[in-house]
Structures are given as structure tokens and as C-alpha cells.
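**Student:** Pasting work03.pdb here (PDB, C-alpha atoms):
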```
MODEL        1
ATOM      1  CA  VAL A   1      10.099   6.275   9.822
ATOM      2  CA  ALA A   2      10.975   2.614  10.183
ATOM      3  CA  ASP A   3      11.411   0.448   7.121
ATOM      4  CA  SER A   4       9.104  -2.200   8.588
ATOM      5  CA  PRO A   5       6.492  -2.346  11.353
ATOM      6  CA  LEU A   6       8.487  -5.345  12.570
ATOM      7  CA  ALA A   7      11.575  -3.156  13.071
ATOM      8  CA  ARG A   8      10.213  -0.311  15.164
ATOM      9  CA  PRO A   9       9.336   0.070  18.819
ATOM     10  CA  PHE A  10       5.781   0.743  19.954
ATOM     11  CA  TRP A  11       4.583   2.124  23.284
ATOM     12  CA  SER A  12       1.529   3.321  25.129
ATOM     13  CA  GLN A  13       1.562   7.008  25.862
ATOM     14  CA  VAL A  14      -1.399   6.861  28.208
ATOM     15  CA  PRO A  15      -1.665   4.637  31.287
ATOM     16  CA  TYR A  16      -3.498   1.413  31.962
ATOM     17  CA  ALA A  17      -4.497  -0.270  35.191
ATOM     18  CA  PHE A  18      -2.025  -2.745  36.603
ATOM     19  CA  GLY A  19      -4.146  -5.007  38.757
ATOM     20  CA  LEU A  20      -7.714  -4.799  39.955
ATOM     21  CA  GLY A  21      -7.117  -1.997  42.461
ATOM     22  CA  ASP A  22      -6.952   1.692  41.639
ATOM     23  CA  ASP A  23      -3.493   2.335  43.072
ATOM     24  CA  THR A  24      -1.129   1.046  40.367
ATOM     25  CA  ILE A  25      -0.881   2.265  36.788
ATOM     26  CA  SER A  26       1.371   1.186  33.952
ATOM     27  CA  ARG A  27       2.592   1.965  30.481
ATOM     28  CA  TYR A  28       3.649  -0.689  27.985
ATOM     29  CA  SER A  29       6.280  -0.835  25.298
ATOM     30  CA  VAL A  30       7.590  -3.351  22.796
ATOM     31  CA  VAL A  31      11.072  -3.247  21.318
ATOM     32  CA  PRO A  32      12.227  -5.317  18.335
ATOM     33  CA  PRO A  33      15.711  -6.782  17.981
ATOM     34  CA  PRO A  34      17.777  -5.748  14.925
ATOM     35  CA  GLU A  35      17.106  -9.162  13.334
ATOM     36  CA  ASN A  36      13.509  -8.088  12.672
ATOM     37  CA  MET A  37      14.744  -6.112   9.659
ATOM     38  CA  ILE A  38      16.220  -8.173   6.860
ATOM     39  CA  ALA A  39      17.407  -5.184   4.809
ATOM     40  CA  PRO A  40      16.532  -1.507   4.472
ATOM     41  CA  ILE A  41      14.120  -0.669   1.679
ATOM     42  CA  PRO A  42      15.969   1.040  -1.192
ATOM     43  CA  PRO A  43      14.688   4.582  -1.794
ATOM     44  CA  GLN A  44      13.367   3.753  -5.273
ATOM     45  CA  PHE A  45      11.053   1.091  -3.745
ATOM     46  CA  ARG A  46       9.598   3.224  -0.963
ATOM     47  CA  ASP A  47       5.917   3.530  -1.774
ATOM     48  CA  GLN A  48       2.646   3.094   0.119
ATOM     49  CA  ASN A  49       3.105  -0.710   0.212
ATOM     50  CA  CYS A  50       6.809  -0.897   1.099
ATOM     51  CA  ARG A  51       6.267  -1.719   4.780
ATOM     52  CA  ARG A  52       3.857  -4.516   3.922
ATOM     53  CA  ARG A  53       6.429  -5.912   1.479
ATOM     54  CA  ALA A  54       9.102  -5.709   4.183
ATOM     55  CA  MET A  55       6.905  -7.755   6.501
ATOM     56  CA  GLY A  56       6.304 -10.264   3.703
ATOM     57  CA  ASP A  57      10.038 -10.447   2.982
ATOM     58  CA  GLN A  58      10.658 -11.535   6.555
ATOM     59  CA  LEU A  59       7.591 -13.549   7.548
ATOM     60  CA  THR A  60       6.867 -15.218   4.199
ATOM     61  CA  THR A  61       9.817 -15.133   1.800
ATOM     62  CA  ALA A  62      12.546 -15.678   4.406
ATOM     63  CA  ALA A  63      10.131 -17.641   6.649
ATOM     64  CA  ARG A  64      11.620 -15.917   9.700
ATOM     65  CA  PRO A  65       9.529 -15.090  12.766
ATOM     66  CA  ALA A  66       9.606 -11.633  14.285
ATOM     67  CA  THR A  67       9.945 -10.996  18.003
ATOM     68  CA  PHE A  68       9.425  -8.060  20.305
ATOM     69  CA  ASP A  69      10.550  -7.674  23.913
ATOM     70  CA  PHE A  70       7.518  -6.610  25.968
ATOM     71  CA  PHE A  71       8.134  -4.122  28.775
ATOM     72  CA  VAL A  72       6.000  -2.755  31.604
ATOM     73  CA  GLN A  73       6.689   0.499  33.405
ATOM     74  CA  LEU A  74       4.764   0.982  36.634
ATOM     75  CA  GLY A  75       3.596   4.514  37.239
ATOM     76  CA  PRO A  76       4.933   6.760  39.961
ATOM     77  CA  ASP A  77       1.431   7.425  41.298
ATOM     78  CA  ALA A  78      -2.154   6.806  40.267
ATOM     79  CA  THR A  79      -3.361  10.385  40.580
ATOM     80  CA  THR A  80      -5.607  12.054  38.045
ATOM     81  CA  ALA A  81      -2.774  14.463  37.205
ATOM     82  CA  THR A  82      -0.484  11.576  36.210
ATOM     83  CA  ILE A  83      -3.203   9.547  34.497
ATOM     84  CA  ASP A  84      -4.527  12.418  32.385
ATOM     85  CA  ASN A  85      -1.199  13.984  31.405
ATOM     86  CA  PRO A  86       0.617  11.761  28.897
ATOM     87  CA  THR A  87       3.440  14.272  28.568
ATOM     88  CA  VAL A  88       4.772  13.546  32.058
ATOM     89  CA  GLU A  89       7.924  11.443  31.885
ATOM     90  CA  TRP A  90       7.918   8.565  34.319
ATOM     91  CA  ARG A  91      11.311   7.947  35.904
ATOM     92  CA  THR A  92      10.446   4.479  37.185
ATOM     93  CA  ALA A  93      12.177   1.336  35.948
ATOM     94  CA  VAL A  94      11.119  -0.342  32.718
ATOM     95  CA  GLN A  95      10.891  -4.110  33.231
ATOM     96  CA  LYS A  96      10.989  -6.764  30.523
ATOM     97  CA  VAL A  97       8.187  -9.223  31.250
ATOM     98  CA  ALA A  98       7.710 -11.218  28.028
ATOM     99  CA  VAL A  99       8.669 -11.836  24.426
ATOM    100  CA  ILE A 100       6.018 -11.573  21.709
ATOM    101  CA  THR A 101       6.640 -13.857  18.729
ATOM    102  CA  ILE A 102       4.955 -13.386  15.364
ATOM    103  CA  PRO A 103       5.474 -16.708  13.588
ATOM    104  CA  ALA A 104       6.644 -17.005   9.998
ATOM    105  CA  GLN A 105       3.510 -16.990   7.848
ATOM    106  CA  ASP A 106       1.946 -16.018   4.555
ATOM    107  CA  PHE A 107      -0.271 -13.161   5.680
ATOM    108  CA  ALA A 108      -0.702 -11.505   2.254
ATOM    109  CA  ARG A 109      -3.633 -13.581   1.041
ATOM    110  CA  PRO A 110      -7.024 -12.173  -0.008
ATOM    111  CA  GLU A 111      -8.895 -13.976   2.789
ATOM    112  CA  GLN A 112      -6.403 -12.633   5.350
ATOM    113  CA  ASP A 113      -6.780  -9.123   3.935
ATOM    114  CA  ARG A 114     -10.588  -9.356   4.249
ATOM    115  CA  PHE A 115     -10.263 -10.700   7.782
ATOM    116  CA  ALA A 116      -7.898  -7.873   8.762
ATOM    117  CA  GLU A 117     -10.032  -5.191   7.112
ATOM    118  CA  ASN A 118     -12.980  -6.198   9.268
ATOM    119  CA  LEU A 119     -11.128  -6.424  12.583
ATOM    120  CA  SER A 120     -11.515  -3.605  15.060
ATOM    121  CA  TYR A 121      -8.672  -2.629  17.341
ATOM    122  CA  THR A 122      -9.464  -1.013  20.647
ATOM    123  CA  PRO A 123      -7.464  -0.878  23.867
ATOM    124  CA  TRP A 124     -10.735  -1.711  25.576
ATOM    125  CA  HIS A 125     -10.338  -5.352  24.433
ATOM    126  CA  SER A 126      -8.526  -6.069  27.675
ATOM    127  CA  LEU A 127      -8.830  -7.746  31.000
ATOM    128  CA  ASP A 128     -10.304  -5.512  33.688
ATOM    129  CA  ALA A 129      -6.950  -5.697  35.500
ATOM    130  CA  HIS A 130      -5.347  -3.941  32.512
ATOM    131  CA  ARG A 131      -8.165  -1.592  31.530
ATOM    132  CA  PRO A 132      -7.425   1.776  29.913
ATOM    133  CA  LEU A 133      -7.534   4.686  32.343
ATOM    134  CA  GLY A 134      -8.225   8.394  32.112
ATOM    135  CA  GLY A 135     -10.000  10.896  29.929
ATOM    136  CA  ILE A 136      -7.868  10.347  26.822
ATOM    137  CA  ASN A 137      -8.675   6.641  26.827
ATOM    138  CA  ARG A 138     -12.389   7.379  27.352
ATOM    139  CA  ALA A 139     -12.276   9.634  24.278
ATOM    140  CA  ARG A 140     -10.407   6.945  22.336
ATOM    141  CA  LYS A 141     -13.138   4.450  23.176
ATOM    142  CA  ALA A 142     -15.795   6.607  21.505
ATOM    143  CA  VAL A 143     -13.597   7.403  18.487
ATOM    144  CA  TYR A 144     -12.536   3.785  17.929
ATOM    145  CA  LYS A 145     -16.174   2.645  18.164
ATOM    146  CA  ALA A 146     -17.279   5.250  15.589
ATOM    147  CA  ILE A 147     -14.464   4.321  13.190
ATOM    148  CA  SER A 148     -15.228   0.616  13.531
ATOM    149  CA  THR A 149     -18.954   1.175  12.943
ATOM    150  CA  MET A 150     -18.216   3.297   9.858
ATOM    151  CA  ARG A 151     -15.731   0.794   8.406
ATOM    152  CA  HIS A 152     -17.966  -2.219   9.002
ATOM    153  CA  GLY A 153     -20.886  -0.356   7.412
ATOM    154  CA  ARG A 154     -18.767   0.599   4.398
ATOM    155  CA  ASN A 155     -17.604  -3.008   4.029
ATOM    156  CA  GLY A 156     -21.074  -4.456   4.595
ATOM    157  CA  ALA A 157     -19.535  -6.585   7.348
ATOM    158  CA  GLU A 158     -21.041  -7.698  10.629
ATOM    159  CA  MET A 159     -19.239  -6.483  13.752
ATOM    160  CA  THR A 160     -18.084  -9.715  15.419
ATOM    161  CA  GLU A 161     -15.194 -10.784  17.571
ATOM    162  CA  PRO A 162     -12.689 -13.217  16.014
ATOM    163  CA  ARG A 163     -12.721 -16.777  17.290
TER     164      ARG A 163
ENDMDL
END
```
Rewrite the structure from the file as C-alpha cells, please.

**Tutor:**
Amino acid sequence: VADSPLARPFWSQVPYAFGLGDDTISRYSVVPPPENMIAPIPPQFRDQNCRRRAMGDQLTTAARPATFDFFVQLGPDATTATIDNPTVEWRTAVQKVAVITIPAQDFARPEQDRFAENLSYTPWHSLDAHRPLGGINRARKAVYKAISTMRHGRNGAEMTEPR
């Protein structure tokens, strides 16, 4: 387990469209540089909030941005077998296409916490050219919607898109 969400890679296991046609699929990944981790969290301070504190140490206390290299891997073929089997290893090249920068900021404020608590993440917030594909993503759509509806109801918050 990484000491900070800013210090670990992330990737999509399931494919997404790459373009408006149906013939190219992709997977995405982001990889942080070592500088995204100021210092490992000592064992005695590892609790449920340690990763949040690590992010605060970097983004707020040290006022250092975090970056991630963004990679795209185009799929070997856009068949149902490839799209619906996330365990298949793709042997195609991984290409760096961008750098994501999270600016230095004070994100640990009550109004930011409220804002974040009422956001809903879904891979379906995408351009049609990068839409989620396959049965697993269709199932995720229903699950994410149900979780968002439940959380917004619990919080007494309206489901709106950020502006």
C-alpha cells in the first residue's frame, strides 16, 4: 500500500473507446515520479487519515505540486473477448501522452470536504470518443449511480455537476 495517493500508480483494468469508431480500444494509466512522496509515513502514524495527511504535507505544507505521467495503451483488437476480459494482458506499447499536474493547494478545508463528499465519480463522465466499453463498465454504471444516489440522499444534497 502506498504511503500517499500522490505516490502510487493508477490504471484502468477495463477498456475504453479510443475515437468515435468501434475499432480501437484503450487502457489508461498514470504514474507518479518519486518526488510525489516527501517522506514515508512512520509506522506509529499510520492510521485511517495518514494518506490524507501525506497529501496535505506535500500540497499544502510544502506547497509542492504533484504530477503524474499519463499513458495510453491501444488495444490489440476491439473484439468482445478482449473488451470483456480484463485479465488479458495487452502486449502493445504504452505511450506517454500527457502530464497531469495537481497544483499546490490547501484542500483540507471544511467547504472542500463538503464539496468532495457530494461529488460523484463515474467513468461515464467522458467524451463519447473515450466512452467506457463492455459489460463490466455497464455494470459499473449502474453501481456508481446507485452509490451516488444513496450518498446524496444520506447527505441531503442535490445531485448536480460541478461548475

**Student:** Mind telling me what the PyMOL selection byres ((chain A and resi 103) around 8) catches here, as a short mmCIF file (atom, residue, chain, number, x, y, z; two decimals) with C-alpha atoms, keeping the file's coordinate frame?

**Tutor:**
```
data_model
loop_
_atom_site.label_atom_id
_atom_site.label_comp_id
_atom_site.auth_asym_id
_atom_site.auth_seq_id
_atom_site.Cartn_x
_atom_site.Cartn_y
_atom_site.Cartn_z
CA LEU A 59 7.59 -13.55 7.55
CA ARG A 64 11.62 -15.92 9.70
CA PRO A 65 9.53 -15.09 12.77
CA ALA A 66 9.61 -11.63 14.28
CA THR A 101 6.64 -13.86 18.73
CA ILE A 102 4.96 -13.39 15.36
CA ALA A 104 6.64 -17.00 10.00
CA GLN A 105 3.51 -16.99 7.85
#
```

**Student:** Applied to this file, what does the PyMOL selection byres ((chain A and resi 83-85) around 9) return in terms of residues, put as a count of residues only?

**Tutor:** 18

**Student:** Which distance in Å separates CA of Gln73 in chain A and CA of Val30 in chain A, to one decimal?

**Tutor:** 11.3 Å

**Student:** To test your reading of the syntax: which residues would the PyMOL selection byres ((chain A and resi 21) around 12) return for the file shown? Reply as a list in words.

**Tutor:**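 This file, filtered by the PyMOL selection byres ((chain A and resi 21) around 12), leaves Tyr16, Ala17, Phe18, Gly19, Leu20, Asp22, Asp23, Thr24, Ile25, Ala78, Asp128, Ala129, His130 and Arg131 of chain A.
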
**Student:** Would you pick out the contacts of Ser29 in chain A at 8 Å or less, using only C-alpha atoms, so that residues sharing its chain but fewer than 4 positions from it are not included, and give the list as a count of residues only?

**Tutor:** 7

**Student:** Name the residues in contact with range 109-125 of chain A at a cut-off of 8 Å, using only C-alpha atoms, excluding same-chain residues fewer than 2 positions from it; report them as a VMD selection string.

**Tutor:** chain A and resid 106 to 107 127 131 to 132 141 144 148 151 to 152 155 157 159 161 to 162

**Student:** In Å, with one decimal, what is the gap from CA of Met150 in chain A to CA of Arg163 in chain A?

**Tutor:**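 It comes out at 22.1 Å.
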
**Student:** So which one's closest to Asp3 in chain A, A:Gln58, A:Arg140, A:Arg51, A:Ala108? Using only C-alpha atoms, please.

**Tutor:** A:Arg51

**Student:** Report, as AutoDock Vina command-line options, the axis-aligned box around all atoms of range 89-107 of chain A present in the file, extended by 3 Å on each side; give centre and edge lengths in Å to one decimal place.

**Tutor:**
```
--center_x 6.0 --center_y -2.8 --center_z 20.9 --size_x 18.4 --size_y 34.4 --size_z 38.6
```

**Student:** One decimal, Å: what's the distance from CA of Ile41 in chain A over to CA of Ala63 in chain A, could you say?

**Tutor:**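 Between CA of Ile41 in chain A and CA of Ala63 in chain A the gap works out to 18.1 Å.
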
**Student:** Could you tell me which of A:Ser126, A:Asn36, A:Thr61, A:Thr92 comes closest to Pro76 in chain A if we count only C-alpha atoms?

**Tutor:**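 Closest residue, counting only C-alpha atoms: A:Thr92.
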
**Student:** Determine the nearest neighbour of Thr67 in chain A from the options A:Leu6, A:Asn137, A:Val143, A:Met55, counting all atoms listed in the file.

**Tutor:**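 Closest to Thr67 in chain A of all the choices is A:Leu6.
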
**Student:** Considering all atoms listed in the file, can you say which of A:Gln13, A:Ser26, A:Phe68, A:Ser4 comes closest to Gln48 in chain A?

**Tutor:** A:Ser4
